$ cat input_30.txt   # compact mmCIF, C-alpha atoms
# COMPACT_ATOMS: atom_id res chain seq x y z
CA MET C 1251 -1.58 -5.09 4.81
CA LYS C 1252 -2.91 -4.19 1.41
CA ALA C 1253 -0.91 -3.83 -1.79
CA SER C 1254 -1.81 -1.08 -4.24
CA LYS C 1255 -3.59 -2.08 -7.44
CA LEU C 1256 -1.35 -2.77 -10.42
CA THR C 1257 -1.77 -0.86 -13.61
CA ILE C 1258 -1.28 -3.61 -16.13
CA MET C 1259 0.08 -1.44 -18.90
CA GLY C 1260 2.31 0.43 -16.51
CA LEU C 1261 3.97 -2.53 -14.81
CA ALA C 1262 3.80 -5.51 -17.14
CA LEU C 1263 7.02 -6.60 -18.76
CA LEU C 1264 6.85 -6.95 -22.50
CA PHE C 1265 8.13 -10.49 -22.42
CA THR C 1266 6.45 -12.48 -25.14
CA GLY C 1267 8.56 -15.58 -25.75
CA LEU C 1268 10.08 -18.45 -23.83
CA THR C 1269 13.60 -18.06 -25.22
CA VAL C 1270 15.90 -17.58 -22.25
CA CYS C 1271 18.07 -14.88 -23.79
CA LYS C 1272 15.20 -12.89 -25.24
CA LYS C 1273 14.80 -9.55 -23.48
CA PRO C 1274 11.53 -7.64 -23.13
CA ASP C 1275 10.51 -5.81 -26.31
CA ALA C 1276 10.33 -2.54 -24.40
CA GLU C 1277 10.62 -1.29 -20.87
CA VAL C 1278 7.65 -1.74 -18.62
CA SER C 1279 7.49 1.72 -17.13
CA GLU C 1280 9.13 5.05 -17.65
CA ALA C 1281 10.54 6.55 -14.47
CA PRO C 1282 9.56 10.17 -14.01
CA LYS C 1283 13.11 10.93 -12.92
CA LYS C 1284 16.44 9.93 -14.42
CA ALA C 1285 17.18 6.34 -13.39
CA ALA C 1286 20.58 4.88 -12.56
CA ASP C 1287 21.32 1.23 -13.24
CA LEU C 1288 21.79 -0.99 -10.20
CA SER C 1289 23.44 -4.36 -9.82
CA ALA C 1290 22.43 -7.52 -8.00
CA VAL C 1291 25.03 -9.93 -6.64
CA VAL C 1292 25.18 -13.71 -6.28
CA VAL C 1293 25.68 -14.54 -2.59
CA PHE C 1294 25.31 -18.31 -2.85
CA ALA C 1295 25.39 -20.85 -5.67
CA VAL C 1296 25.51 -24.62 -5.81
CA GLY C 1297 25.24 -27.11 -8.64
CA ASP C 1298 25.21 -26.43 -12.35
CA SER C 1299 24.05 -22.84 -12.91
CA LYS C 1300 25.15 -20.19 -15.38
CA ILE C 1301 24.75 -16.48 -16.01
CA GLN C 1302 24.18 -15.15 -19.51
CA HIS C 1303 25.01 -11.45 -19.68
CA ALA C 1304 23.38 -8.92 -21.98
CA ASP C 1305 26.70 -8.50 -23.84
CA GLN C 1306 26.49 -12.21 -24.82
CA THR C 1307 29.27 -13.28 -22.42
CA GLU C 1308 28.62 -16.22 -20.14
CA GLU C 1309 29.96 -17.42 -16.80
CA LYS C 1310 29.22 -19.98 -14.12
CA ALA C 1311 27.12 -18.62 -11.26
CA HIS C 1312 29.46 -18.01 -8.34
CA LEU C 1313 29.80 -15.89 -5.22
CA GLY C 1314 30.27 -12.25 -6.24
CA ALA C 1315 28.99 -12.56 -9.80
CA LEU C 1316 27.21 -9.34 -10.77
CA LEU C 1317 23.85 -9.15 -12.52
CA LYS C 1318 22.51 -6.13 -14.37
CA SER C 1319 19.49 -5.32 -16.49
CA GLY C 1320 19.31 -7.68 -19.45
CA ASP C 1321 21.23 -10.51 -17.78
CA ASN C 1322 19.67 -13.87 -17.02
CA VAL C 1323 20.33 -16.92 -14.86
CA VAL C 1324 19.69 -20.51 -15.85
CA THR C 1325 19.90 -23.25 -13.23
CA GLY C 1326 20.50 -26.91 -14.04
CA ASP C 1327 18.87 -30.01 -12.57
CA ASN C 1328 20.81 -29.61 -9.32
CA GLY C 1329 21.49 -25.88 -9.50
CA LYS C 1330 20.37 -23.32 -6.95
CA VAL C 1331 21.31 -19.63 -6.81
CA ASP C 1332 20.69 -16.95 -4.16
CA ILE C 1333 20.79 -13.35 -5.39
CA GLN C 1334 20.77 -10.19 -3.29
CA PHE C 1335 19.64 -6.78 -4.56
CA ALA C 1336 20.86 -3.31 -3.64
CA ASP C 1337 17.95 -2.72 -1.24
CA GLY C 1338 18.60 -5.95 0.68
CA SER C 1339 15.85 -7.94 -1.03
CA SER C 1340 16.82 -11.44 -2.09
CA ILE C 1341 15.60 -14.34 -4.21
CA ARG C 1342 16.41 -18.02 -4.46
CA ILE C 1343 16.22 -19.53 -7.93
CA SER C 1344 15.25 -23.19 -7.85
CA PRO C 1345 16.73 -25.98 -9.99
CA LYS C 1346 15.65 -26.11 -13.64
CA SER C 1347 14.63 -22.45 -13.75
CA ALA C 1348 15.29 -19.48 -16.02
CA ILE C 1349 15.14 -15.86 -14.79
CA ASP C 1350 15.63 -12.68 -16.82
CA PHE C 1351 16.58 -9.51 -14.95
CA ALA C 1352 14.55 -7.08 -17.00
CA LYS C 1353 15.13 -3.95 -14.91
CA LEU C 1354 17.33 -3.02 -11.95
CA SER C 1355 17.30 0.73 -11.43
CA GLN C 1356 16.98 3.60 -8.96
CA ASP C 1357 15.90 7.19 -9.63
CA ASN C 1358 17.25 10.40 -8.10
CA SER C 1359 14.86 10.19 -5.16
CA GLY C 1360 16.19 6.74 -4.23
CA THR C 1361 13.14 4.82 -5.46
CA THR C 1362 14.12 1.38 -6.74
CA ASP C 1363 12.54 -0.49 -9.64
CA THR C 1364 13.19 -4.22 -9.80
CA GLN C 1365 11.49 -6.21 -12.54
CA ILE C 1366 12.17 -9.91 -13.01
CA ALA C 1367 10.86 -12.21 -15.71
CA LEU C 1368 10.40 -15.81 -14.58
CA VAL C 1369 10.63 -17.57 -17.92
CA SER C 1370 10.14 -20.99 -16.36
CA GLY C 1371 10.69 -22.71 -13.05
CA LYS C 1372 10.30 -21.47 -9.50
CA VAL C 1373 11.57 -18.52 -7.48
CA PHE C 1374 11.42 -17.79 -3.76
CA ALA C 1375 11.63 -14.15 -2.70
CA LYS C 1376 12.08 -12.01 0.38
CA VAL C 1377 11.38 -8.42 -0.56
CA ASN C 1378 12.57 -5.50 1.52
CA LYS C 1379 10.84 -2.35 0.30
CA ALA C 1380 12.11 0.66 2.23
CA LYS C 1381 9.84 3.12 0.41
CA LYS C 1382 6.19 2.91 -0.58
CA GLU C 1383 7.13 3.88 -4.13
CA ASP C 1384 9.68 1.07 -4.53
CA ASN C 1385 8.61 -1.38 -7.20
CA PHE C 1386 9.32 -5.12 -7.21
CA THR C 1387 7.50 -7.25 -9.79
CA VAL C 1388 7.84 -10.80 -11.03
CA VAL C 1389 6.35 -11.54 -14.44
CA THR C 1390 5.73 -14.94 -15.95
CA PRO C 1391 4.78 -15.48 -19.60
CA THR C 1392 1.10 -15.46 -18.55
CA ALA C 1393 0.76 -13.41 -15.34
CA ILE C 1394 2.28 -10.67 -13.19
CA ALA C 1395 2.87 -10.37 -9.45
CA GLY C 1396 3.47 -6.97 -7.87
CA VAL C 1397 4.97 -7.08 -4.40
CA ARG C 1398 5.13 -4.95 -1.25
CA GLY C 1399 7.33 -5.99 1.70
CA THR C 1400 6.75 -9.72 1.57
CA SER C 1401 7.95 -13.30 1.29
CA PHE C 1402 6.39 -15.20 -1.57
CA ILE C 1403 6.79 -17.96 -4.14
CA VAL C 1404 6.12 -17.77 -7.87
CA GLU C 1405 6.01 -20.87 -10.02
CA ALA C 1406 5.69 -21.06 -13.79
CA ALA C 1407 6.38 -24.54 -15.08
CA GLU C 1408 6.94 -24.41 -18.83
CA GLY C 1409 3.62 -24.53 -20.65
CA LYS C 1410 1.58 -24.38 -17.44
CA PRO C 1411 -0.40 -21.60 -15.67
CA ALA C 1412 1.35 -19.33 -13.17
CA LYS C 1413 1.00 -19.89 -9.43
CA VAL C 1414 1.68 -17.54 -6.51
CA LYS C 1415 1.87 -18.35 -2.79
CA VAL C 1416 2.29 -15.65 -0.16
CA VAL C 1417 4.20 -16.44 3.04
CA GLU C 1418 4.23 -12.92 4.51
CA GLY C 1419 2.86 -9.56 3.39
CA ALA C 1420 0.82 -9.15 0.21
CA VAL C 1421 1.05 -9.64 -3.56
CA ALA C 1422 -1.14 -8.21 -6.33
CA PHE C 1423 -1.61 -11.01 -8.86
CA ALA C 1424 -3.12 -10.52 -12.33
CA PRO C 1425 -3.27 -12.26 -15.74
CA ARG C 1426 -1.47 -10.85 -18.78
CA VAL C 1427 -2.14 -10.45 -22.48
CA PRO C 1428 1.31 -9.69 -23.95
CA ALA C 1429 -0.12 -8.45 -27.26
CA LEU C 1430 -1.98 -5.70 -25.42
CA GLU C 1431 1.17 -4.60 -23.60
CA LYS C 1432 2.88 -3.77 -26.90
CA LEU C 1433 0.41 -0.99 -27.62
CA SER C 1434 0.56 2.62 -26.47
CA SER C 1435 -2.12 4.08 -24.20
CA GLU C 1436 -3.32 6.17 -27.19
CA GLU C 1437 -3.78 3.06 -29.35
CA ILE C 1438 -5.78 1.35 -26.63
CA SER C 1439 -7.96 4.33 -25.72
CA GLY C 1440 -8.77 4.78 -29.41
CA ASN C 1441 -10.20 1.26 -29.71
CA ALA C 1442 -13.26 0.42 -27.60
CA ASP C 1443 -12.61 -3.34 -27.68
CA LEU C 1444 -8.97 -2.99 -26.62
CA LYS C 1445 -9.91 -0.62 -23.83
CA LYS C 1446 -12.60 -3.03 -22.67
CA LEU C 1447 -10.09 -5.89 -22.55
CA GLN C 1448 -7.55 -3.80 -20.65
CA GLU C 1449 -10.15 -2.80 -18.05
CA SER C 1450 -11.22 -6.41 -17.70
CA LEU C 1451 -7.65 -7.51 -16.99
CA ALA C 1452 -7.25 -4.77 -14.39
CA LYS C 1453 -10.45 -5.91 -12.66
CA ALA C 1454 -9.23 -9.50 -12.69
CA GLU C 1455 -6.40 -8.65 -10.29
CA VAL C 1456 -6.56 -10.18 -6.81
CA ILE C 1457 -4.68 -9.23 -3.66
CA LEU C 1458 -3.09 -12.23 -1.99
CA GLU C 1459 -2.16 -11.88 1.65
CA LYS C 1460 -0.33 -14.04 4.17
CA ASP C 1461 -1.09 -17.76 3.80
CA GLN C 1462 -3.03 -17.22 0.58
CA ALA C 1463 -2.40 -18.54 -2.93
CA SER C 1464 -3.82 -18.40 -6.43
CA THR C 1465 -3.29 -20.41 -9.59
CA GLN C 1466 -4.15 -19.04 -13.00
CA SER C 1467 -6.67 -21.09 -14.98
CA ALA C 1468 -5.46 -23.04 -18.01
CA LYS C 1469 -7.71 -21.02 -20.36
CA SER C 1470 -6.40 -17.72 -19.00
CA ALA C 1471 -2.83 -18.91 -19.48
CA ASP C 1472 -3.59 -20.14 -23.00
CA LEU C 1473 -4.96 -16.70 -23.87
CA ALA C 1474 -1.66 -15.08 -22.90
CA LYS C 1475 0.44 -17.64 -24.77
CA SER C 1476 -1.61 -17.44 -27.96
CA SER C 1477 -1.78 -13.67 -28.19
CA SER C 1478 1.70 -12.46 -29.06
CA ASP C 1479 0.30 -10.43 -31.97
CA ILE C 1480 -2.66 -8.10 -31.52
CA LYS C 1481 -3.77 -8.69 -35.13
CA SER C 1482 -4.25 -12.38 -34.49
CA LEU C 1483 -6.06 -11.82 -31.21
CA ASP C 1484 -9.79 -12.49 -31.15
CA LEU C 1485 -10.81 -9.57 -28.92
CA THR C 1486 -14.31 -10.87 -28.27
CA LYS C 1487 -13.02 -14.26 -27.19
CA ALA C 1488 -10.22 -12.66 -25.18
CA PHE C 1489 -12.67 -10.47 -23.28
CA LYS C 1490 -14.98 -13.40 -22.54
CA THR C 1491 -12.04 -15.46 -21.27
CA SER C 1492 -10.86 -12.60 -19.09
CA GLU C 1493 -14.34 -12.12 -17.66
CA LYS C 1494 -15.04 -15.80 -17.08
CA GLU C 1495 -11.65 -17.14 -15.95
CA LYS C 1496 -11.35 -15.27 -12.67
CA LEU C 1497 -8.43 -15.81 -10.32
CA VAL C 1498 -9.47 -17.69 -7.20
CA VAL C 1499 -7.93 -16.93 -3.80
CA GLU C 1500 -7.22 -20.05 -1.76
CA SER C 1501 -5.36 -20.90 1.43
CA ALA C 1502 -1.64 -21.30 0.77
CA LYS C 1503 -0.68 -24.92 1.26
CA LEU C 1504 3.10 -24.79 1.41
CA THR C 1505 5.09 -27.99 1.29
CA LYS C 1506 7.87 -28.72 3.74
CA ASN C 1507 10.48 -28.06 1.04
CA GLU C 1508 8.91 -24.71 0.15
CA GLU C 1509 8.91 -23.59 3.77
CA GLN C 1510 12.50 -24.70 4.16
CA GLU C 1511 13.66 -22.89 1.02
CA ILE C 1512 12.07 -19.56 1.93
CA LYS C 1513 13.34 -19.73 5.53
CA THR C 1514 16.94 -20.60 4.62
CA ILE C 1515 17.53 -17.69 2.23
CA VAL C 1516 20.38 -15.84 3.93
CA THR C 1517 21.35 -12.24 3.15
CA VAL C 1518 24.64 -10.50 3.89
CA ASP C 1519 25.16 -7.00 5.27
CA LYS C 1520 25.93 -4.12 2.92
CA GLN C 1521 29.64 -4.10 3.76
CA THR C 1522 30.00 -7.83 3.06
CA ALA C 1523 28.05 -7.46 -0.18
CA GLN C 1524 30.45 -4.72 -1.31
CA GLU C 1525 33.41 -6.88 -0.35
CA ILE C 1526 32.00 -9.81 -2.34
CA VAL C 1527 31.70 -7.60 -5.43
CA LYS C 1528 35.19 -6.18 -4.95
CA LEU C 1529 36.71 -9.66 -4.62
CA SER C 1530 34.90 -10.83 -7.75
CA GLU C 1531 36.09 -7.82 -9.76
CA SER C 1532 39.66 -8.21 -8.50
CA ALA C 1533 39.71 -11.90 -9.37
CA GLN C 1534 38.92 -11.05 -13.00
CA THR C 1535 42.04 -8.92 -13.39
CA GLU C 1536 44.54 -10.84 -15.49
CA LYS C 1537 47.51 -8.86 -14.12
CA LEU C 1538 47.20 -10.32 -10.63
CA ASP C 1539 50.07 -12.58 -9.56
CA GLU C 1540 49.37 -16.09 -8.30
CA LEU C 1541 49.87 -15.13 -4.65
CA LYS C 1542 47.29 -12.35 -4.87
CA LYS C 1543 44.80 -14.63 -6.59
CA GLN C 1544 45.22 -17.19 -3.81
CA GLU C 1545 44.58 -14.46 -1.24
CA ILE C 1546 41.37 -13.40 -3.00
CA ASP C 1547 40.19 -17.02 -3.31
CA ALA C 1548 40.84 -17.58 0.40
CA LYS C 1549 38.79 -14.50 1.38
CA ARG C 1550 35.97 -15.52 -0.93
CA GLN C 1551 35.99 -19.04 0.50
CA VAL C 1552 35.62 -17.67 4.03
CA ILE C 1553 32.52 -15.72 3.00
CA GLU C 1554 31.09 -18.73 1.15
CA GLN C 1555 31.60 -20.92 4.19
CA ASP C 1556 29.98 -18.33 6.46
CA VAL C 1557 26.88 -18.06 4.24
CA ALA C 1558 26.66 -21.86 3.93
CA LYS C 1559 27.02 -22.24 7.71
CA ARG C 1560 24.25 -19.74 8.36
CA GLN C 1561 22.01 -21.55 5.88
CA GLU C 1562 22.67 -24.87 7.64
CA GLU C 1563 21.86 -23.25 10.99
CA GLU C 1564 18.54 -21.99 9.61
CA LYS C 1565 17.84 -25.42 8.14
CA LYS C 1566 18.55 -27.11 11.48
CA LYS C 1567 16.34 -24.58 13.28
CA PHE C 1568 13.53 -25.31 10.82
CA GLU C 1569 13.89 -29.09 11.14
CA ASP C 1570 13.86 -28.82 14.94
CA SER C 1571 10.63 -26.82 14.74
CA LEU C 1572 8.98 -29.65 12.77
CA ALA C 1573 9.50 -31.98 15.72
CA ASN C 1574 9.12 -29.54 18.63
CA GLN C 1575 6.28 -27.44 17.22
CA PRO C 1576 4.60 -29.87 14.82
CA LYS C 1577 1.83 -28.94 12.45
CA GLU C 1578 -1.50 -30.62 13.02
CA PHE C 1579 -2.53 -33.03 10.28
CA LYS C 1580 -6.05 -34.43 10.04
CA SER C 1581 -5.18 -37.25 7.64
CA LYS C 1582 -2.37 -39.12 5.95
CA LYS C 1583 -3.19 -37.16 2.80
CA ASP C 1584 -2.31 -33.95 4.65
CA ILE C 1585 1.07 -35.48 5.51
CA VAL C 1586 1.70 -36.40 1.88
CA ASN C 1587 0.70 -32.91 0.70
CA TYR C 1588 3.12 -31.24 3.11
CA TYR C 1589 6.13 -33.58 3.09
CA GLU C 1590 5.46 -34.81 -0.46
CA ARG C 1591 6.12 -38.30 0.83
CA ILE C 1592 5.10 -40.73 3.58
CA GLU C 1593 6.74 -43.84 5.05
CA LYS C 1594 5.57 -47.03 6.72
CA ILE C 1595 7.64 -48.16 9.70
CA VAL C 1596 7.22 -51.85 10.53
CA LEU C 1597 8.12 -52.67 14.15
CA VAL C 1598 9.59 -55.92 15.45
CA ASP C 1599 6.34 -56.67 17.31
CA GLY C 1600 4.41 -56.54 14.02
CA LYS C 1601 2.80 -53.15 14.62
CA THR C 1602 3.18 -50.35 12.09
CA VAL C 1603 3.53 -46.57 12.19
CA ILE C 1604 2.68 -44.49 9.12
CA GLY C 1605 4.01 -40.96 8.76
CA ALA C 1606 6.83 -38.82 7.40
CA ILE C 1607 10.28 -39.35 8.89
CA ILE C 1608 11.54 -35.94 9.99
CA ASN C 1609 14.94 -37.02 11.23
CA GLN C 1610 17.02 -39.81 12.72
CA GLU C 1611 19.03 -38.92 15.81
CA ASN C 1612 20.26 -40.46 19.06
CA GLY C 1613 19.18 -43.91 17.91
CA GLN C 1614 15.62 -42.82 17.22
CA LEU C 1615 13.40 -42.20 14.23
CA ILE C 1616 11.38 -38.99 14.57
CA VAL C 1617 8.14 -39.54 12.67
CA HIS C 1618 5.34 -37.03 12.01
CA THR C 1619 2.02 -38.88 12.02
CA GLU C 1620 -1.58 -37.70 11.89
CA ASN C 1621 -1.59 -38.17 15.69
CA GLY C 1622 1.45 -36.00 16.28
CA VAL C 1623 5.20 -36.65 16.40
CA LYS C 1624 6.39 -40.07 17.54
CA ARG C 1625 9.93 -41.09 18.52
CA ILE C 1626 10.71 -44.71 17.75
CA ASP C 1627 13.81 -46.53 18.98
CA MET C 1628 15.75 -47.96 16.05
CA ASP C 1629 16.11 -51.25 17.96
CA ASN C 1630 12.34 -51.66 17.65
CA VAL C 1631 12.28 -51.10 13.87
CA GLU C 1632 12.08 -54.16 11.63
CA GLU C 1633 11.68 -52.40 8.26
CA VAL C 1634 11.02 -49.00 6.73
CA ILE C 1635 8.94 -48.84 3.53
CA TYR C 1636 9.80 -45.59 1.80
CA ASP C 1637 7.67 -43.60 -0.67
CA LEU C 1638 4.50 -45.32 0.48
CA GLN C 1639 2.47 -42.66 -1.34
CA GLN C 1640 3.49 -44.28 -4.62
CA LYS C 1641 2.12 -47.64 -3.50
CA SER C 1642 -1.04 -46.51 -1.69
CA LYS C 1643 -3.71 -43.89 -2.26
CA PHE C 1644 -4.36 -41.37 0.48

$ encode --input "input_30.txt" --output "C-alpha cells"
Amino acid sequence: MKASKLTIMGLALLFTGLTVCKKPDAEVSEAPKKAADLSAVVVFAVGDSKIQHADQTEEKAHLGALLKSGDNVVTGDNGKVDIQFADGSSIRISPKSAIDFAKLSQDNSGTTDTQIALVSGKVFAKVNKAKKEDNFTVVTPTAIAGVRGTSFIVEAAEGKPAKVKVVEGAVAFAPRVPALEKLSSEEISGNADLKKLQESLAKAEVILEKDQASTQSAKSADLAKSSSDIKSLDLTKAFKTSEKEKLVVESAKLTKNEEQEIKTIVTVDKQTAQEIVKLSESAQTEKLDELKKQEIDAKRQVIEQDVAKRQEEEKKKFEDSLANQPKEFKSKKDIVNYYERIEKIVLVDGKTVIGAIINQENGQLIVHTENGVKRIDMDNVEEVIYDLQQKSKF
C-alpha cells in the first residue's frame, strides 16, 4: 500500500509556536467545495485531562465531550483520552501531551479533512479513510505525517525531533519549515531560493509502511524551530540542511506498552456515538431536574463501563498473546527494548532466571526470556529483583 505524496504547502499546518492554546496562523488547505464543520467526541477519559475550547471555555475531559476546530486537549501526568471522529477514526492521547484540533471538516461530496497538531507528547491513531480523497494529517512543530487507512504512532517530546512508527498501512512523513508555510505560492515561485527550499522539502518526504519508522534528525528539527520568520531564515543554510539531513527509514521497534495502547483503542458504533453526544448536551442543560440528571448520569455510566470493559478484554487478549504467541528475542537487550524493563528471578535452589515478567497467575510467574516463555512456580521463587536494567548493562 502506497500513500500519495504530500504537497508541503498544501497540507502543512501553520503552527509555529509551542503555546497550547495558539491556533494555526492560517488554514492548511482550501477545500474546493464548501466545507461543513464536524465534531469529534471523547469516548474514554481517565486521569487529569482537560479540554480548552476555541471560545476560551474549559472543561474536564469526559465521556461525550465534543471537540471542534480550534479546540485542544491537554493530558496530565496520569491522563489519557480516547477521541473518535465522525468517520470512525480514533486517537489515543498519551499522558503529558497537548493536541490542537486544527481542522475537522467535510465538503459537499462527503470528503473529510482532519488536521491535528501534536504540540508535544505522543498520540496513537487508528485511521479509517472511506474515500481516497479523505485527508488525515498529524503535524508536529517540526514535521508532518499524512495518513491513509492505517494505525500509527507519532511522538514529539518537547524540544526533540519528531518520530513516526507505522503499525499498519502507510504514512507519508516529511520535515517542515514553518516560515515557508506562511508564504503564498506566488511569493515562493517568485523567489528562486524559496522555491529551491520548498522542492527540497518535498523530495525529503519518505513513505513509511507497516513495521517501519523514522526519526527526524536533530539538525532538521532545529531548522524548523529556528525559522518562524522568513526574514531571519538563512536560505542557503536551510537548503543545505534539508539536502543533507535526510529522513532514514528503519524497522519499527514497538515497545510492549506501545503495542498495548494501539490495540486497546476501542471505538463505538455510530448510534452509540450519537447517544453519547446527546447525553452530554442534555447534561449541560441547567433546567433539568435532579431525577433527570441522575437518569442521564446512569446511562452515561453504563456506556463508560462498557467501553472500559471492552478495553480490558482487549488488554487481556494482548497479554495472553505475549505468553501463548511470544516474540523471539535474541538477547536480553531485545527484552529490555520491548518491555522497557527486565527482572532477575532467584530460585530457592540458587539458580536464576532473567527476563520480563508478563503475568502472575495460578501460583506461577510467567517470564519472557531470550529462550522463550518460562512458567515458574511461586513456591520455587526465593527473590525477585525488579528493574534489573537499571543495575546492569545489556

$ residues_around --input "input_30.txt" --residues "Gly1399 of chain C" --least-positions-apart "3" --cutoff "8 Å" --atoms "all atoms listed in the file" --output "PyMOL selection string"
chain C and resi 1376-1379+1419-1420

$ residues_around --input "input_30.txt" --residues "Thr1387 of chain C" --least-positions-apart "4" --cutoff "6 Å" --atoms "only C-alpha atoms" --output "JSON, numbers by chain"
{"C": [1365, 1395, 1396, 1397]}

$ residues_around --input "input_30.txt" --residues "Lys1601 of chain C" --least-positions-apart "4" --cutoff "10 Å" --atoms "all atoms listed in the file" --output "CSV table (one decimal) with C-alpha atoms, in the coordinates of the input"
chain,number,residue,atom,x,y,z
C,1595,ILE,CA,7.6,-48.2,9.7
C,1596,VAL,CA,7.2,-51.8,10.5
C,1597,LEU,CA,8.1,-52.7,14.2
C,1631,VAL,CA,12.3,-51.1,13.9
C,1632,GLU,CA,12.1,-54.2,11.6

$ closest_residue --input "input_30.txt" --among "C:Ile1394, C:Leu1638, C:Val1552, C:Val1427" --to "Ala1412 of chain C" --atoms "only C-alpha atoms"
C:Ile1394

$ closest_residue --input "input_30.txt" --among "C:Lys1577, C:Ser1340, C:Val1516, C:Glu1408" --to "Val1557 of chain C" --atoms "only C-alpha atoms"
C:Val1516

$ closest_residue --input "input_30.txt" --among "C:Glu1455, C:Glu1309, C:Asp1357, C:Glu1405" --to "Ala1286 of chain C" --atoms "only C-alpha atoms"
C:Asp1357

$ closest_residue --input "input_30.txt" --among "C:Ser1299, C:Lys1643, C:Lys1353, C:Ala1348" --to "Gly1320 of chain C" --atoms "all atoms listed in the file"
C:Lys1353

$ residues_around --input "input_30.txt" --residues "Lys1381 of chain C" --least-positions-apart "4" --cutoff "9 Å" --atoms "all atoms listed in the file" --output "compact mmCIF listing (two decimals) with C-alpha atoms, keeping the file's coordinate frame"
# COMPACT_ATOMS: atom_id res chain seq x y z
CA GLY C 1360 16.19 6.74 -4.23
CA THR C 1361 13.14 4.82 -5.46
CA THR C 1362 14.12 1.38 -6.74
CA ASN C 1385 8.61 -1.38 -7.20

$ residues_near_point --input "input_30.txt" --point "(-12.3, -11.6, -28.4)" --cutoff "12 Å" --atoms "only C-alpha atoms" --output "list in words"
Val1427, Asp1443, Leu1444, Lys1446, Leu1447, Gln1448, Ser1450, Leu1473, Ser1477, Ile1480, Lys1481, Ser1482, Leu1483, Asp1484, Leu1485, Thr1486, Lys1487, Ala1488, Phe1489, Lys1490, Thr1491, Ser1492 and Glu1493 of chain C

$ residues_around --input "input_30.txt" --residues "Leu1504 of chain C" --least-positions-apart "2" --cutoff "9 Å" --atoms "only C-alpha atoms" --output "JSON, numbers by chain"
{"C": [1415, 1417, 1461, 1502, 1506, 1507, 1508, 1509, 1587, 1588]}

$ decode --input "input_30.txt" --residues "segment 1354-1359 of chain C" --atoms "all heavy atoms" --output "JSON list (two decimals), in the first residue's frame"
[["chain", "number", "residue", "atom", "x", "y", "z"],
["C", 1354, "LEU", "N", -11.50, 20.11, 11.44],
["C", 1354, "LEU", "CA", -12.40, 18.96, 11.38],
["C", 1354, "LEU", "C", -13.54, 19.36, 10.46],
["C", 1354, "LEU", "O", -14.46, 20.06, 10.87],
["C", 1354, "LEU", "CB", -12.95, 18.63, 12.78],
["C", 1354, "LEU", "CG", -11.93, 18.31, 13.88],
["C", 1354, "LEU", "CD1", -12.63, 18.23, 15.23],
["C", 1354, "LEU", "CD2", -11.23, 16.99, 13.58],
["C", 1355, "SER", "N", -13.48, 18.93, 9.20],
["C", 1355, "SER", "CA", -14.49, 19.39, 8.26],
["C", 1355, "SER", "C", -14.83, 18.33, 7.22],
["C", 1355, "SER", "O", -14.12, 17.33, 7.06],
["C", 1355, "SER", "CB", -14.02, 20.66, 7.56],
["C", 1355, "SER", "OG", -12.91, 20.40, 6.73],
["C", 1356, "GLN", "N", -15.91, 18.59, 6.48],
["C", 1356, "GLN", "CA", -16.36, 17.70, 5.42],
["C", 1356, "GLN", "C", -17.00, 18.54, 4.33],
["C", 1356, "GLN", "O", -17.82, 19.42, 4.62],
["C", 1356, "GLN", "CB", -17.37, 16.70, 5.97],
["C", 1356, "GLN", "CG", -17.85, 15.66, 4.96],
["C", 1356, "GLN", "CD", -18.83, 14.69, 5.60],
["C", 1356, "GLN", "OE1", -19.84, 15.09, 6.18],
["C", 1356, "GLN", "NE2", -18.53, 13.40, 5.51],
["C", 1357, "ASP", "N", -16.64, 18.30, 3.06],
["C", 1357, "ASP", "CA", -17.23, 19.09, 1.98],
["C", 1357, "ASP", "C", -18.51, 18.44, 1.45],
["C", 1357, "ASP", "O", -18.94, 17.39, 1.95],
["C", 1357, "ASP", "CB", -16.21, 19.34, 0.85],
["C", 1357, "ASP", "CG", -15.81, 18.07, 0.11],
["C", 1357, "ASP", "OD1", -16.59, 17.09, 0.15],
["C", 1357, "ASP", "OD2", -14.74, 18.05, -0.50],
["C", 1358, "ASN", "N", -19.12, 19.05, 0.45],
["C", 1358, "ASN", "CA", -20.40, 18.58, -0.06],
["C", 1358, "ASN", "C", -20.35, 17.18, -0.65],
["C", 1358, "ASN", "O", -21.37, 16.50, -0.75],
["C", 1358, "ASN", "CB", -20.92, 19.56, -1.12],
["C", 1358, "ASN", "CG", -21.33, 20.89, -0.52],
["C", 1358, "ASN", "OD1", -21.57, 20.98, 0.67],
["C", 1358, "ASN", "ND2", -21.38, 21.93, -1.34],
["C", 1359, "SER", "N", -19.18, 16.75, -1.07],
["C", 1359, "SER", "CA", -19.05, 15.42, -1.65],
["C", 1359, "SER", "C", -18.83, 14.34, -0.59],
["C", 1359, "SER", "O", -18.73, 13.16, -0.90],
["C", 1359, "SER", "CB", -17.88, 15.39, -2.65],
["C", 1359, "SER", "OG", -16.65, 15.54, -1.96]]
